[in-house]
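Student: The file below is run17.pdb, PDB, C-alpha atoms:
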```pdb
ATOM      1  CA  MET V 468      82.621 193.758 -51.155
ATOM      2  CA  VAL V 469      79.211 193.006 -49.736
ATOM      3  CA  VAL V 470      76.985 190.797 -51.865
ATOM      4  CA  GLY V 471      73.344 191.745 -52.209
ATOM      5  CA  GLY V 472      73.708 195.357 -51.106
ATOM      6  CA  ARG V 473      71.259 198.089 -52.097
ATOM      7  CA  GLY V 474      72.560 199.905 -55.136
ATOM      8  CA  ASN V 475      75.313 202.414 -54.395
ATOM      9  CA  HIS V 476      74.390 202.813 -50.749
ATOM     10  CA  GLU V 477      77.225 202.526 -48.317
ATOM     11  CA  PRO V 478      77.148 199.188 -46.453
ATOM     12  CA  THR V 479      75.958 199.227 -42.881
ATOM     13  CA  ILE V 480      76.993 197.050 -39.981
ATOM     14  CA  GLU V 481      73.736 195.163 -40.467
ATOM     15  CA  THR V 482      74.181 194.414 -44.177
ATOM     16  CA  LEU V 483      77.774 193.360 -43.604
ATOM     17  CA  ALA V 484      76.710 191.142 -40.698
ATOM     18  CA  ASP V 485      74.497 189.306 -43.190
ATOM     19  CA  SER V 486      77.460 188.877 -45.541
ATOM     20  CA  TRP V 487      79.635 187.742 -42.636
ATOM     21  CA  GLU V 488      77.006 185.151 -41.773
ATOM     22  CA  ARG V 489      77.192 183.798 -45.304
ATOM     23  CA  SER V 490      80.989 183.692 -45.045
ATOM     24  CA  LEU V 491      80.835 181.812 -41.728
ATOM     25  CA  ARG V 492      78.393 179.327 -43.247
ATOM     26  CA  ALA V 493      80.771 178.829 -46.174
ATOM     27  CA  GLU V 494      83.495 178.002 -43.626
ATOM     28  CA  ARG V 495      81.155 175.333 -42.190
ATOM     29  CA  LYS V 496      80.982 176.941 -38.765
ATOM     30  CA  ALA V 497      78.398 175.467 -36.393
ATOM     31  CA  LYS V 498      74.921 177.034 -36.547
ATOM     32  CA  LEU V 499      75.062 178.164 -32.906
ATOM     33  CA  THR V 500      78.512 179.661 -33.424
ATOM     34  CA  ILE V 501      77.277 181.580 -36.446
ATOM     35  CA  ARG V 502      74.205 182.890 -34.624
ATOM     36  CA  ASN V 503      76.250 183.965 -31.604
ATOM     37  CA  TYR V 504      78.866 185.721 -33.731
ATOM     38  CA  VAL V 505      76.398 187.481 -36.035
ATOM     39  CA  ASP V 506      74.243 188.668 -33.116
ATOM     40  CA  SER V 507      77.092 190.841 -31.795
ATOM     41  CA  PRO V 508      77.402 193.297 -34.711
ATOM     42  CA  LYS V 509      73.613 193.371 -35.049
ATOM     43  CA  MET V 510      73.301 194.329 -31.383
ATOM     44  CA  LEU V 511      75.950 197.020 -31.886
ATOM     45  CA  CYS V 512      73.956 198.312 -34.860
ATOM     46  CA  ALA V 513      70.742 198.449 -32.805
ATOM     47  CA  PHE V 514      72.593 200.293 -30.020
ATOM     48  CA  LEU V 515      74.039 202.877 -32.415
ATOM     49  CA  ARG V 516      70.705 203.323 -34.187
ATOM     50  CA  SER V 517      68.924 203.908 -30.845
ATOM     51  CA  ARG V 518      71.318 206.773 -30.135
ATOM     52  CA  ASN V 519      71.176 208.264 -33.644
ATOM     53  CA  LEU V 520      74.797 207.338 -34.258
ATOM     54  CA  PRO V 521      76.065 206.185 -37.650
ATOM     55  CA  ILE V 522      75.624 202.565 -38.647
ATOM     56  CA  GLU V 523      77.479 202.862 -41.971
ATOM     57  CA  ILE V 524      80.591 200.743 -41.590
ATOM     58  CA  SER V 525      83.025 203.456 -42.709
ATOM     59  CA  GLN V 526      81.642 205.925 -40.165
ATOM     60  CA  VAL V 527      81.837 203.699 -37.082
ATOM     61  CA  THR V 528      84.696 204.835 -34.872
ATOM     62  CA  LYS V 529      86.553 203.537 -31.867
ATOM     63  CA  GLN V 530      84.580 206.012 -29.738
ATOM     64  CA  HIS V 531      81.267 204.498 -30.887
ATOM     65  CA  ILE V 532      82.430 201.026 -29.929
ATOM     66  CA  GLU V 533      83.795 202.258 -26.602
ATOM     67  CA  LEU V 534      80.402 203.808 -25.869
ATOM     68  CA  TYR V 535      78.749 200.467 -26.650
ATOM     69  CA  MET V 536      81.265 198.534 -24.536
ATOM     70  CA  ALA V 537      80.695 200.908 -21.609
ATOM     71  CA  HIS V 538      76.969 200.214 -21.969
ATOM     72  CA  LEU V 539      77.610 196.455 -21.953
ATOM     73  CA  ASN V 540      79.876 196.764 -18.925
ATOM     74  CA  GLU V 541      77.068 198.518 -17.063
ATOM     75  CA  THR V 542      74.275 196.166 -18.124
ATOM     76  CA  GLN V 543      75.854 192.719 -18.500
ATOM     77  CA  MET V 544      78.208 190.409 -16.694
ATOM     78  CA  ALA V 545      81.880 191.124 -17.370
ATOM     79  CA  SER V 546      82.340 187.793 -19.160
ATOM     80  CA  SER V 547      79.418 188.554 -21.499
ATOM     81  CA  ALA V 548      80.824 191.976 -22.369
ATOM     82  CA  GLU V 549      84.237 190.438 -23.027
ATOM     83  CA  THR V 550      82.685 187.793 -25.286
ATOM     84  CA  ARG V 551      80.803 190.465 -27.269
ATOM     85  CA  PHE V 552      84.060 192.406 -27.591
ATOM     86  CA  ARG V 553      85.879 189.395 -29.075
ATOM     87  CA  ARG V 554      83.060 188.707 -31.524
ATOM     88  CA  LEU V 555      82.959 192.344 -32.645
ATOM     89  CA  ARG V 556      86.706 192.299 -33.138
ATOM     90  CA  SER V 557      86.317 189.242 -35.387
ATOM     91  CA  PHE V 558      83.594 191.010 -37.337
ATOM     92  CA  PHE V 559      85.649 194.175 -37.891
ATOM     93  CA  ASP V 560      88.722 192.102 -38.794
ATOM     94  CA  TRP V 561      86.577 190.334 -41.405
ATOM     95  CA  CYS V 562      85.351 193.713 -42.714
ATOM     96  CA  GLU V 563      88.956 194.833 -43.040
ATOM     97  CA  ALA V 564      89.949 191.612 -44.847
ATOM     98  CA  GLU V 565      86.986 192.093 -47.215
ATOM     99  CA  GLU V 566      88.200 195.665 -47.849
ATOM    100  CA  GLU V 567      84.974 197.198 -46.585
ATOM    101  CA  ILE V 568      87.074 199.335 -44.221
ATOM    102  CA  GLU V 569      90.726 200.283 -44.351
ATOM    103  CA  VAL V 570      91.443 199.747 -40.666
ATOM    104  CA  SER V 571      89.337 198.179 -37.948
ATOM    105  CA  PRO V 572      88.096 200.747 -35.419
ATOM    106  CA  MET V 573      88.923 198.136 -32.784
ATOM    107  CA  LEU V 574      92.584 197.902 -33.797
ATOM    108  CA  ARG V 575      94.041 199.286 -30.564
ATOM    109  CA  MET V 576      91.128 198.558 -28.251
ATOM    110  CA  LYS V 577      91.666 196.361 -25.223
ATOM    111  CA  PRO V 578      89.014 193.903 -24.096
ATOM    112  CA  PRO V 579      87.184 194.553 -20.845
ATOM    113  CA  LYS V 580      88.739 192.916 -17.815
ATOM    114  CA  VAL V 581      86.932 189.934 -16.403
ATOM    115  CA  PRO V 582      87.504 189.624 -12.661
ATOM    116  CA  VAL V 583      88.469 186.166 -11.459
ATOM    117  CA  GLN V 584      85.738 184.808  -9.255
ATOM    118  CA  PRO V 585      86.746 181.853  -7.107
ATOM    119  CA  SER V 586      84.402 178.894  -7.162
ATOM    120  CA  ARG V 587      82.190 178.383  -4.156
ATOM    121  CA  VAL V 588      83.400 175.590  -1.894
ATOM    122  CA  LEU V 589      80.817 173.200  -0.478
ATOM    123  CA  THR V 590      80.429 173.237   3.282
ATOM    124  CA  GLU V 591      80.992 170.103   5.335
ATOM    125  CA  VAL V 592      77.218 169.777   5.824
ATOM    126  CA  GLU V 593      76.626 170.058   2.054
ATOM    127  CA  LEU V 594      79.293 167.432   1.358
ATOM    128  CA  ARG V 595      77.780 165.006   3.868
ATOM    129  CA  LYS V 596      74.337 165.477   2.312
ATOM    130  CA  LEU V 597      75.760 164.949  -1.176
ATOM    131  CA  PHE V 598      77.470 161.705  -0.165
ATOM    132  CA  THR V 599      74.381 160.510   1.717
ATOM    133  CA  ASP V 600      72.137 161.237  -1.272
ATOM    134  CA  MET V 601      74.486 159.208  -3.477
ATOM    135  CA  GLY V 602      74.364 156.175  -1.155
ATOM    136  CA  GLY V 603      72.359 153.784  -3.351
ATOM    137  CA  LYS V 604      72.787 149.984  -3.410
ATOM    138  CA  GLU V 605      73.253 149.510  -7.170
ATOM    139  CA  PHE V 606      76.675 149.101  -8.745
ATOM    140  CA  SER V 607      76.342 152.406 -10.640
ATOM    141  CA  ASP V 608      75.416 154.212  -7.381
ATOM    142  CA  ARG V 609      78.485 152.828  -5.585
ATOM    143  CA  ARG V 610      80.694 153.574  -8.596
ATOM    144  CA  ASP V 611      79.455 157.193  -8.773
ATOM    145  CA  LEU V 612      79.987 157.688  -5.031
ATOM    146  CA  ALA V 613      83.504 156.247  -5.245
ATOM    147  CA  LEU V 614      84.404 158.508  -8.169
ATOM    148  CA  THR V 615      82.929 161.564  -6.460
ATOM    149  CA  ARG V 616      84.870 160.829  -3.265
ATOM    150  CA  LEU V 617      88.020 160.336  -5.319
ATOM    151  CA  TYR V 618      87.504 163.735  -6.963
ATOM    152  CA  PHE V 619      87.006 165.452  -3.621
ATOM    153  CA  ASP V 620      89.889 163.672  -1.913
ATOM    154  CA  THR V 621      92.392 164.384  -4.689
ATOM    155  CA  GLY V 622      91.206 167.837  -5.706
ATOM    156  CA  CYS V 623      90.302 166.791  -9.258
TER     157      CYS V 623
END
```
Starting from the file, lay out its structure as structure tokens.

Tutor:
Amino acid sequence: MVVGGRGNHEPTIETLADSWERSLRAERKAKLTIRNYVDSPKMLCAFLRSRNLPIEISQVTKQHIELYMAHLNETQMASSAETRFRRLRSFFDWCEAEEEIEVSPMLRMKPPKVPVQPSRVLTEVELRKLFTDMGGKEFSDRRDLALTRLYFDTGC
């Protein structure tokens, strides 16, 4: 159960996100990891609140999360939406493990697809300029040029 809740009020996504943060800190997760993970349910809470949808954990449904994911898909890069999805899934799994909910509303949800985007290949002119710019006289300059050429020649 959530620690530090307000009386008999039902826990919200926001209050549970605070408890989850404490749990992540207890697991010695990195500060940046904790911030990134905890931001996701808090952003979901803000989204639901802005649309007058429930923020009490037991009232959040798959449809609410799908609405939020559709919003993310329209406003963010696909990889960002997919990352938020994974973090929310972790949050709801934690809520389920803590017995705040019986079943995660994300149980049968699939993450958004992230299209594969091939890397841009440098043109011959760009490669020549790169190698020319690396043409210093010092040992470290020659070493760096040799390594860079090796990478390009072997496909590393």

Student: Would you kindly return, as a list in words, each protein, DNA or RNA residue with an atom no farther than 12 Å from any atom of segment 597-605 of chain V, considering only C-alpha atoms and excluding same-chain residues fewer than 5 positions away?

Tutor: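 Listed by chain and then number, they are Leu589, Thr590, Glu591, Val592, Arg610, Asp611, Leu612, Ala613, Leu614, Thr615, Arg616, Leu617 and Phe619 of chain V.
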
Student: Using all atoms listed in the file, which protein or nucleic acid residues come within 12 Å of Ile532 of chain V? Drop anything in the same chain fewer than 5 positions from it, and give the result as a ChimeraX atom specification.

Tutor: /V:507-508,510-512,514-515,520-522,524,526-527,537-539,548,551-552,555-556,559,571-578

Student: Counting only C-alpha atoms, figure out which residue out of V:Tyr535, V:Asp608, V:Arg554, V:Ala545 gets nearest to Gln584 of chain V.

Tutor: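 Smallest distance to Gln584 of chain V is found for V:Ala545.
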
Student: So which residues get picked by the PyMOL selection byres ((chain V and resi 504) around 12) here, written as number ranges by chain?

Tutor: V: 484-485, 487-492, 496-503, 505-511, 550-559, 561

Student: On this structure, which residues satisfy the PyMOL selection byres ((chain V and resi 566) around 12), written as a tab-separated table (two decimals) with C-alpha atoms, keeping the file's coordinate frame?

Tutor:
```tsv
chain	number	residue	atom	x	y	z
V	468	MET	CA	82.62	193.76	-51.16
V	469	VAL	CA	79.21	193.01	-49.74
V	478	PRO	CA	77.15	199.19	-46.45
V	483	LEU	CA	77.77	193.36	-43.60
V	524	ILE	CA	80.59	200.74	-41.59
V	525	SER	CA	83.02	203.46	-42.71
V	559	PHE	CA	85.65	194.18	-37.89
V	560	ASP	CA	88.72	192.10	-38.79
V	561	TRP	CA	86.58	190.33	-41.40
V	562	CYS	CA	85.35	193.71	-42.71
V	563	GLU	CA	88.96	194.83	-43.04
V	564	ALA	CA	89.95	191.61	-44.85
V	565	GLU	CA	86.99	192.09	-47.22
V	567	GLU	CA	84.97	197.20	-46.58
V	568	ILE	CA	87.07	199.34	-44.22
V	569	GLU	CA	90.73	200.28	-44.35
V	570	VAL	CA	91.44	199.75	-40.67
V	571	SER	CA	89.34	198.18	-37.95
```

Student: Grab the atom CA of Gln530 of chain V to atom CA of Val583 of chain V distance for me, in Å with one decimal place.

Tutor: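 Computing it gives 27.3 Å between the two atoms.
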
Student: Just the number, please: distance in Å from atom CA of Asn540 of chain V to atom CA of Val581 of chain V, one decimal.

Tutor: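 For atom CA of Asn540 of chain V relative to atom CA of Val581 of chain V, the distance reads 10.1 Å.
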
Student: Please fill the gaps in segment 547-563 of chain V so it has N, CA, C and O atoms, and write that as a compact mmCIF listing (two decimals), in the coordinates of the input.

Tutor:
```
# COMPACT_ATOMS: atom_id res chain seq x y z
N SER V 547 80.25 188.35 -20.32
CA SER V 547 79.42 188.55 -21.50
C SER V 547 79.92 189.73 -22.33
O SER V 547 79.98 189.66 -23.56
N ALA V 548 80.29 190.80 -21.66
CA ALA V 548 80.82 191.98 -22.37
C ALA V 548 82.13 191.62 -23.07
O ALA V 548 82.35 192.02 -24.22
N GLU V 549 82.96 190.83 -22.43
CA GLU V 549 84.24 190.44 -23.03
C GLU V 549 84.00 189.54 -24.25
O GLU V 549 84.69 189.66 -25.26
N THR V 550 83.02 188.66 -24.16
CA THR V 550 82.68 187.79 -25.29
C THR V 550 82.19 188.62 -26.47
O THR V 550 82.58 188.40 -27.62
N ARG V 551 81.30 189.58 -26.20
CA ARG V 551 80.80 190.46 -27.27
C ARG V 551 81.96 191.23 -27.91
O ARG V 551 82.00 191.42 -29.12
N PHE V 552 82.89 191.68 -27.08
CA PHE V 552 84.06 192.41 -27.59
C PHE V 552 84.83 191.53 -28.58
O PHE V 552 85.17 191.98 -29.68
N ARG V 553 85.11 190.28 -28.20
CA ARG V 553 85.88 189.40 -29.08
C ARG V 553 85.15 189.12 -30.39
O ARG V 553 85.76 189.08 -31.46
N ARG V 554 83.84 188.96 -30.31
CA ARG V 554 83.06 188.71 -31.52
C ARG V 554 83.04 189.93 -32.43
O ARG V 554 83.11 189.81 -33.66
N LEU V 555 82.92 191.12 -31.84
CA LEU V 555 82.96 192.34 -32.65
C LEU V 555 84.32 192.52 -33.29
O LEU V 555 84.42 192.94 -34.45
N ARG V 556 85.36 192.20 -32.56
CA ARG V 556 86.71 192.30 -33.14
C ARG V 556 86.83 191.38 -34.35
O ARG V 556 87.36 191.77 -35.39
N SER V 557 86.29 190.17 -34.25
CA SER V 557 86.32 189.24 -35.39
C SER V 557 85.55 189.82 -36.58
O SER V 557 86.00 189.71 -37.72
N PHE V 558 84.40 190.41 -36.27
CA PHE V 558 83.59 191.01 -37.34
C PHE V 558 84.35 192.13 -38.04
O PHE V 558 84.43 192.16 -39.28
N PHE V 559 84.94 193.05 -37.28
CA PHE V 559 85.65 194.18 -37.89
C PHE V 559 86.92 193.71 -38.60
O PHE V 559 87.30 194.28 -39.62
N ASP V 560 87.57 192.67 -38.09
CA ASP V 560 88.72 192.10 -38.79
C ASP V 560 88.28 191.53 -40.14
O ASP V 560 88.97 191.68 -41.14
N TRP V 561 87.12 190.87 -40.16
CA TRP V 561 86.58 190.33 -41.40
C TRP V 561 86.27 191.48 -42.37
O TRP V 561 86.59 191.39 -43.56
N CYS V 562 85.66 192.55 -41.86
CA CYS V 562 85.35 193.71 -42.71
C CYS V 562 86.62 194.29 -43.33
O CYS V 562 86.64 194.68 -44.50
N GLU V 563 87.67 194.33 -42.54
CA GLU V 563 88.96 194.83 -43.04
C GLU V 563 89.51 193.89 -44.11
O GLU V 563 89.96 194.35 -45.17
```
